[in-house]
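Contents: one structure, followed by commentary.
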Amino acid sequence: MPIFPIFLEKIVNNERKIVSLHSFCYLLSTMNEKNITQQRARIVALLKQRHIVEAFVVLEQLLAELGDWTLRETFEQHRNTYRALLQYAINGIDDPQRNRIYNSLLLALYSLTDAVAEALLTRYSSRLPYAEKRRIVPSLAWLDGLKNAADDAQYDAAEVQLFESVWLSECWSEQVAQSVAKGFASEVMRHRTKCVLMSAVTLSALRMYDARKLTFLLQCVTHPEVEVRMRAVVGVLLLCAAYDDRILLDDALLAHIDALCDNPQFVGDTKLAFLSLVRTTETESVAERIRSEIIPDMMRLSPKIKSRLENEALRDDAADDRNPDWQQLLDEAGITDKLQELNELQMEGADIYAATFANLKSFPFFGKVINWLLPFDSAHGAVTAVTGTSSGLFAKLLSAPQLCDSDKYSFCLCWSMLPETQRRMMLDGVVAESEQMKEMLAEATPIHPELSAQSATTRYVQNLYRFYTLHPHRADFENPLSATVAFYASPLFSRLFRQTVVCQQIAEFYFAKNLYAEAAIQFETLVAAAGADAALLQKSGYCYQRLDMYDKALAKYRLADTCLPDNLWTLRRMAWCHRRLAQPAEALAVYRRYDRLRPDDFNVILQMGHCLVQLQRYKEAVEVYFRADNLQPDAPACLRAVAWCYLLDGQFDKSIYQYRKVTQQRPIAADWLNLAHACYLADYSGEAVAAYASARKAYGSAEAFRVAFDNDRQTLEELGAQADKIAILREYLELSALDL
């Protein structure tokens, strides 16, 4: 970053702003968690904007409250360094190291801000992480605990100590980082504990950024154990999304990331992880569909199913285990299609069990943060305490791909509360579905080896989703999943996902999930890289169209039309955008191009007529509408359009004839109102009054009718009716309604 603009942030003659900042910070005299959080956010925002002098002012207030002279001394060193940088720059002294020093200073100020805020929050905050920090002193004692564990119970306790010590730790020293890496490489650390360590490091760095923790995760993204590897990848993405500004200042981290981006496995893993994180945006909508559509339909159908079951119980047909009539009931109710759609979503990685298990997270087991992120282990004490064994049927849950780890533990913990019949039914159902999914995965994995990584990633992301949305103290944590969804806009995103094929897959995923703003940016990048590509331009235009950005959409469609002339899909969307931009002449020209290529498209012919109406070329419009009528005789849309044209053209008798035909089919309220207008203008007062009465009834309320009538008053005047007579008509209609 060039240093010269820095001194332009008004360090000179900035006394008034600094005084106002001092006034703004008076709230810190009554220090509390909210003030600390606000001031840290204020400093971070100032550093991102490179307003460093103002950041110093706010940070000094926090330091005054903390009273830590070691951090105060560090603060003074940074301020002196920045003062010297500015002085050299303003004096025109050339310093080849200036940008490197500047970036290092920014990183140091971020870290100092974190350290000061962390110390104050540990002192004042009631949020769960800081309450735990006051209770637990992080240490490396867990290393010996894992080594010396005599049984599973002792090992479980050491694992909890590991998680809490790492999760609640502040920035690692080089020595601590080496000790953690050594413990991770130790043979005494089980697979489950390695996964726990990945989660603890991620949560710790999300609370307080630490480049060494991110480096540790980056070192683990090539681990041979797929579940460990994918947890590390997810952690890296969450931290990149949360701290992209800092990472972009760190040359060592960027070099590490760039080197990994040459590794095809890492490229594929980051794509899978990112798509899984983005997929969390649809979890609530899937849950809502289950709650509002499928479950009510099943409830409505249950009496019929019960009746069929009772009838079948009277039959003695042991071979006929499954009555096809039951499936017919599901088909007729439309439930089969919905369940099939949910099944397809599940195979894609959608979280369809979030709502099902949401109410099973109140067990004391979930009082510890670690247990929300713990890989499922049938030998874990929490499982064996309920089941009495670590083997048997429950061991099958370990490999059930459709349930995340958190839900597997919920399943086990609610086991003892269920009657025996429900236990067997519930377990058999899960195991049966598990076997089906494992068979499908087994068949697909040789062809698509990334599926095992996708399955591990999906389960872990679902664990995270439950933790951040269902934990009793979820308000005490900032949900990083939402920040990851917006990561596409960061320069670091482009650095991580630099391969065109990966970018296109991400763009297509956004597009398929109707995330049009995100997809538009990705398609823009792809168009810039690939040049003129009709398909990319079409999709880019469609994204902008769905965002109601019709100018941009039209520009993309025009480029697509240049690359692939006379494409019917493109032409129709171009015309639609012209119409939305109130450009009927341009829309008509495009529709006519379409019409020459496909002259029998009923809807396009109607649209041509609508454009002519907007241009007040009513006679031409009628001719076009009659073309449409030849394709679909007496179609209400066509009859209605012809009648309206005749009305606007002053041919009231013809309009009445057409509206009478419309009202004999399935009229809408406007049809009755327009028929009434035509009759009134043609001096057929009796029929006009009757039609107005029908219109009032069709609108459903007197107020809706009044609004519609008043909206048409100007049109009636333009067609020759006098304003005073229209007012009399309105009053008469009101009186007639009262008489009724």
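Naming scheme: A, B, ... for chains in displayed order of the structure tokens; residues 1 onward per chain; ligands 1 onward as shown.
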Taking only C-alpha atoms into account, produce a table as a tab-separated table in which each residue of segment 510-622 of chain A with an atom at most 12 Å from an atom of segment 490-496 of chain A appears once, together with its shortest atom pair and the distance in Å to one decimal, ordered by chain and rising number.
```
residue	atom	partner	partner_atom	distance
A:Glu518	CA	A:Ser490	CA	11.7
A:Ile521	CA	A:Ser490	CA	11.0
A:Gln522	CA	A:Ser494	CA	9.7
A:Thr525	CA	A:Ser494	CA	9.2
A:Leu526	CA	A:Ser494	CA	11.2
```
Dump C-alpha atoms for the selected residues as a compact mmCIF listing (two decimals), in the first residue's frame?
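Output (part-v8.txt):
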```
# COMPACT_ATOMS: atom_id res chain seq x y z
CA GLU A 518 -23.54 -13.45 -5.23
CA ILE A 521 -20.36 -11.04 -9.06
CA GLN A 522 -18.96 -14.47 -9.89
CA THR A 525 -15.42 -12.34 -12.93
CA LEU A 526 -15.86 -15.27 -15.28
```
Closest contacts (segment 178-221 of chain A/segment 455-463 of chain A, max 12 Å, only C-alpha atoms) as a Markdown table:
```
| residue | atom | partner | partner_atom | distance |
| --- | --- | --- | --- | --- |
| A:Cys195 | CA | A:Tyr460 | CA | 9.8 |
| A:Val196 | CA | A:Tyr460 | CA | 11.0 |
| A:Met198 | CA | A:Tyr460 | CA | 11.1 |
| A:Ser199 | CA | A:Tyr460 | CA | 9.5 |
```
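Of the residues under consideration (A:Asp551, A:Asp600, A:Asp671, A:Asp245), A:Asp551 shows the shortest atom-to-atom contact distance to His578 of chain A when counting only C-alpha atoms.
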- Give me the residues within 9 Å of Ala737 of chain A as a VMD selection string, counting only C-alpha atoms and dropping any in the same chain fewer than 4 places off. chain A and resid 693 696 702 732 to 733
- Leaving out Ser410 of chain A and any residue of its chain fewer than 3 positions from it, which residues lie within 10 Å of it when counting only C-alpha atoms, given as a ChimeraX atom specification? /A:357-363,365-366,383,405-407,413-415
- Members of segment 3-208 of chain A assigned helix (DSSP H, G or I) by DSSP, as a ChimeraX atom specification: /A:4-8,15-30,33-48,52-66,69-90,98-124,128-135,141-148,152-167,174-185,191-207
- Message: Residues within 8 Å of Cys563 of chain A, please, as a count of residues only. Count only C-alpha atoms; anything in the same chain fewer than 6 positions from it doesn't count.
- Response: 3
- Residues at most 10 Å from segment 658-664 of chain A, counting only C-alpha atoms, excluding those fewer than 6 positions away in the same chain, as a ChimeraX atom specification? /A:634-644,646-647,652,671-676,678,691
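Nearest residue to Ser701 of chain A, choosing from A:Leu254, A:Leu249, A:Ala669, A:Leu162 and counting only C-alpha atoms: A:Ala669.
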Between segment 63-122 of chain A and segment 49-52 of chain A, at 10 Å or less, what are the per-residue closest atom pairs and their distances in Å? Count only C-alpha atoms, order by chain and rising residue number, and return it as CSV.
```
residue,atom,partner,partner_atom,distance
A:Arg79,CA,A:Ile52,CA,9.4
A:Tyr82,CA,A:Ile52,CA,8.6
A:Leu105,CA,A:Ile52,CA,9.9
A:Leu106,CA,A:Ile52,CA,8.3
A:Leu109,CA,A:Ile52,CA,9.0
```
Output C-alpha atoms of each residue in that selection to a file, as a short mmCIF file (atom, residue, chain, number, x, y, z; two decimals), in the first residue's frame.
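Full text of result06.cif as output:
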```cif
data_model
loop_
_atom_site.label_atom_id
_atom_site.label_comp_id
_atom_site.auth_asym_id
_atom_site.auth_seq_id
_atom_site.Cartn_x
_atom_site.Cartn_y
_atom_site.Cartn_z
CA ARG A 79 2.52 5.37 17.96
CA TYR A 82 3.70 5.68 12.95
CA LEU A 105 2.22 -1.82 12.06
CA LEU A 106 -1.38 -2.34 11.01
CA LEU A 109 -2.40 -2.55 16.02
#
```
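Close contacts of Phe709 of chain A, defined as residues with an atom at most 10 Å away when counting only C-alpha atoms, with chain neighbours fewer than 3 positions off set aside, comprise Ala670, Leu673, Asn674, His677, Tyr692, Ala695, Arg696, Glu703, Ala704, Phe705, Arg706, Asp712, Arg713, Gln714, Leu716, Ile726 and Arg730 of chain A.
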Write the residues of the preceding selection, restricted to N, CA and C atoms, as a PDB file, in the first residue's frame.
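So the final result, stored in part_27.pdb, reads:
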```pdb
ATOM      1  N   ALA A 670     -61.830  -6.393 -12.808  1.00  0.00           N
ATOM      2  CA  ALA A 670     -61.574  -5.323 -13.776  1.00  0.00           C
ATOM      3  C   ALA A 670     -62.402  -5.491 -15.044  1.00  0.00           C
ATOM      4  N   LEU A 673     -65.718  -3.924 -14.397  1.00  0.00           N
ATOM      5  CA  LEU A 673     -65.584  -2.470 -14.311  1.00  0.00           C
ATOM      6  C   LEU A 673     -65.413  -1.857 -15.700  1.00  0.00           C
ATOM      7  N   ASN A 674     -64.586  -2.486 -16.536  1.00  0.00           N
ATOM      8  CA  ASN A 674     -64.369  -1.954 -17.884  1.00  0.00           C
ATOM      9  C   ASN A 674     -65.620  -2.098 -18.756  1.00  0.00           C
ATOM     10  N   HIS A 677     -67.716   0.754 -17.749  1.00  0.00           N
ATOM     11  CA  HIS A 677     -67.233   2.009 -18.351  1.00  0.00           C
ATOM     12  C   HIS A 677     -67.673   2.107 -19.813  1.00  0.00           C
ATOM     13  N   TYR A 692     -71.589  -2.160 -13.064  1.00  0.00           N
ATOM     14  CA  TYR A 692     -70.904  -1.561 -11.909  1.00  0.00           C
ATOM     15  C   TYR A 692     -71.230  -2.337 -10.626  1.00  0.00           C
ATOM     16  N   ALA A 695     -69.196  -5.367 -10.639  1.00  0.00           N
ATOM     17  CA  ALA A 695     -67.802  -5.038 -10.346  1.00  0.00           C
ATOM     18  C   ALA A 695     -67.592  -4.845  -8.851  1.00  0.00           C
ATOM     19  N   ARG A 696     -68.519  -4.112  -8.207  1.00  0.00           N
ATOM     20  CA  ARG A 696     -68.404  -3.891  -6.763  1.00  0.00           C
ATOM     21  C   ARG A 696     -68.363  -5.232  -6.021  1.00  0.00           C
ATOM     22  N   GLU A 703     -64.523  -0.321  -0.510  1.00  0.00           N
ATOM     23  CA  GLU A 703     -63.325   0.512  -0.612  1.00  0.00           C
ATOM     24  C   GLU A 703     -62.481   0.122  -1.821  1.00  0.00           C
ATOM     25  N   ALA A 704     -62.337  -1.184  -2.058  1.00  0.00           N
ATOM     26  CA  ALA A 704     -61.562  -1.631  -3.215  1.00  0.00           C
ATOM     27  C   ALA A 704     -62.215  -1.158  -4.510  1.00  0.00           C
ATOM     28  N   PHE A 705     -63.539  -1.190  -4.555  1.00  0.00           N
ATOM     29  CA  PHE A 705     -64.247  -0.716  -5.739  1.00  0.00           C
ATOM     30  C   PHE A 705     -64.025   0.779  -5.928  1.00  0.00           C
ATOM     31  N   ARG A 706     -64.116   1.552  -4.836  1.00  0.00           N
ATOM     32  CA  ARG A 706     -63.910   3.010  -4.940  1.00  0.00           C
ATOM     33  C   ARG A 706     -62.517   3.337  -5.484  1.00  0.00           C
ATOM     34  N   ASP A 712     -59.682   5.123 -12.546  1.00  0.00           N
ATOM     35  CA  ASP A 712     -60.087   5.174 -13.958  1.00  0.00           C
ATOM     36  C   ASP A 712     -60.708   6.512 -14.357  1.00  0.00           C
ATOM     37  N   ARG A 713     -60.844   7.437 -13.419  1.00  0.00           N
ATOM     38  CA  ARG A 713     -61.560   8.685 -13.732  1.00  0.00           C
ATOM     39  C   ARG A 713     -60.861   9.477 -14.835  1.00  0.00           C
ATOM     40  N   GLN A 714     -59.547   9.532 -14.796  1.00  0.00           N
ATOM     41  CA  GLN A 714     -58.829  10.283 -15.829  1.00  0.00           C
ATOM     42  C   GLN A 714     -59.043   9.646 -17.206  1.00  0.00           C
ATOM     43  N   LEU A 716     -61.639   7.939 -18.176  1.00  0.00           N
ATOM     44  CA  LEU A 716     -63.008   8.261 -18.597  1.00  0.00           C
ATOM     45  C   LEU A 716     -63.084   9.672 -19.161  1.00  0.00           C
ATOM     46  N   ILE A 726     -69.068  12.346 -14.086  1.00  0.00           N
ATOM     47  CA  ILE A 726     -68.404  11.186 -13.454  1.00  0.00           C
ATOM     48  C   ILE A 726     -68.622  11.225 -11.949  1.00  0.00           C
ATOM     49  N   ARG A 730     -70.529   8.447  -9.670  1.00  0.00           N
ATOM     50  CA  ARG A 730     -69.944   7.822  -8.476  1.00  0.00           C
ATOM     51  C   ARG A 730     -70.911   7.893  -7.294  1.00  0.00           C
TER      52      ARG A 730
END
```
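In this model, the gap between atom CA of Cys220 of chain A and atom CA of Ala232 of chain A comes to 6.0 Å.
Using only C-alpha atoms, the smallest distance between any of A:Asp144, A:Glu33, A:Asp710, A:Asp210 and Ala115 of chain A comes from A:Asp210.
When only C-alpha atoms are used to compute distances to Asp244 of chain A, the closest of the residues A:Lys619, A:Lys48, A:Tyr594, A:Thr81 turns out to be A:Lys48.
Nearest to Ala379 of chain A of all the residues A:Ala512, A:Tyr155, A:Ile506, A:Ser540 is A:Tyr155, counting only C-alpha atoms.
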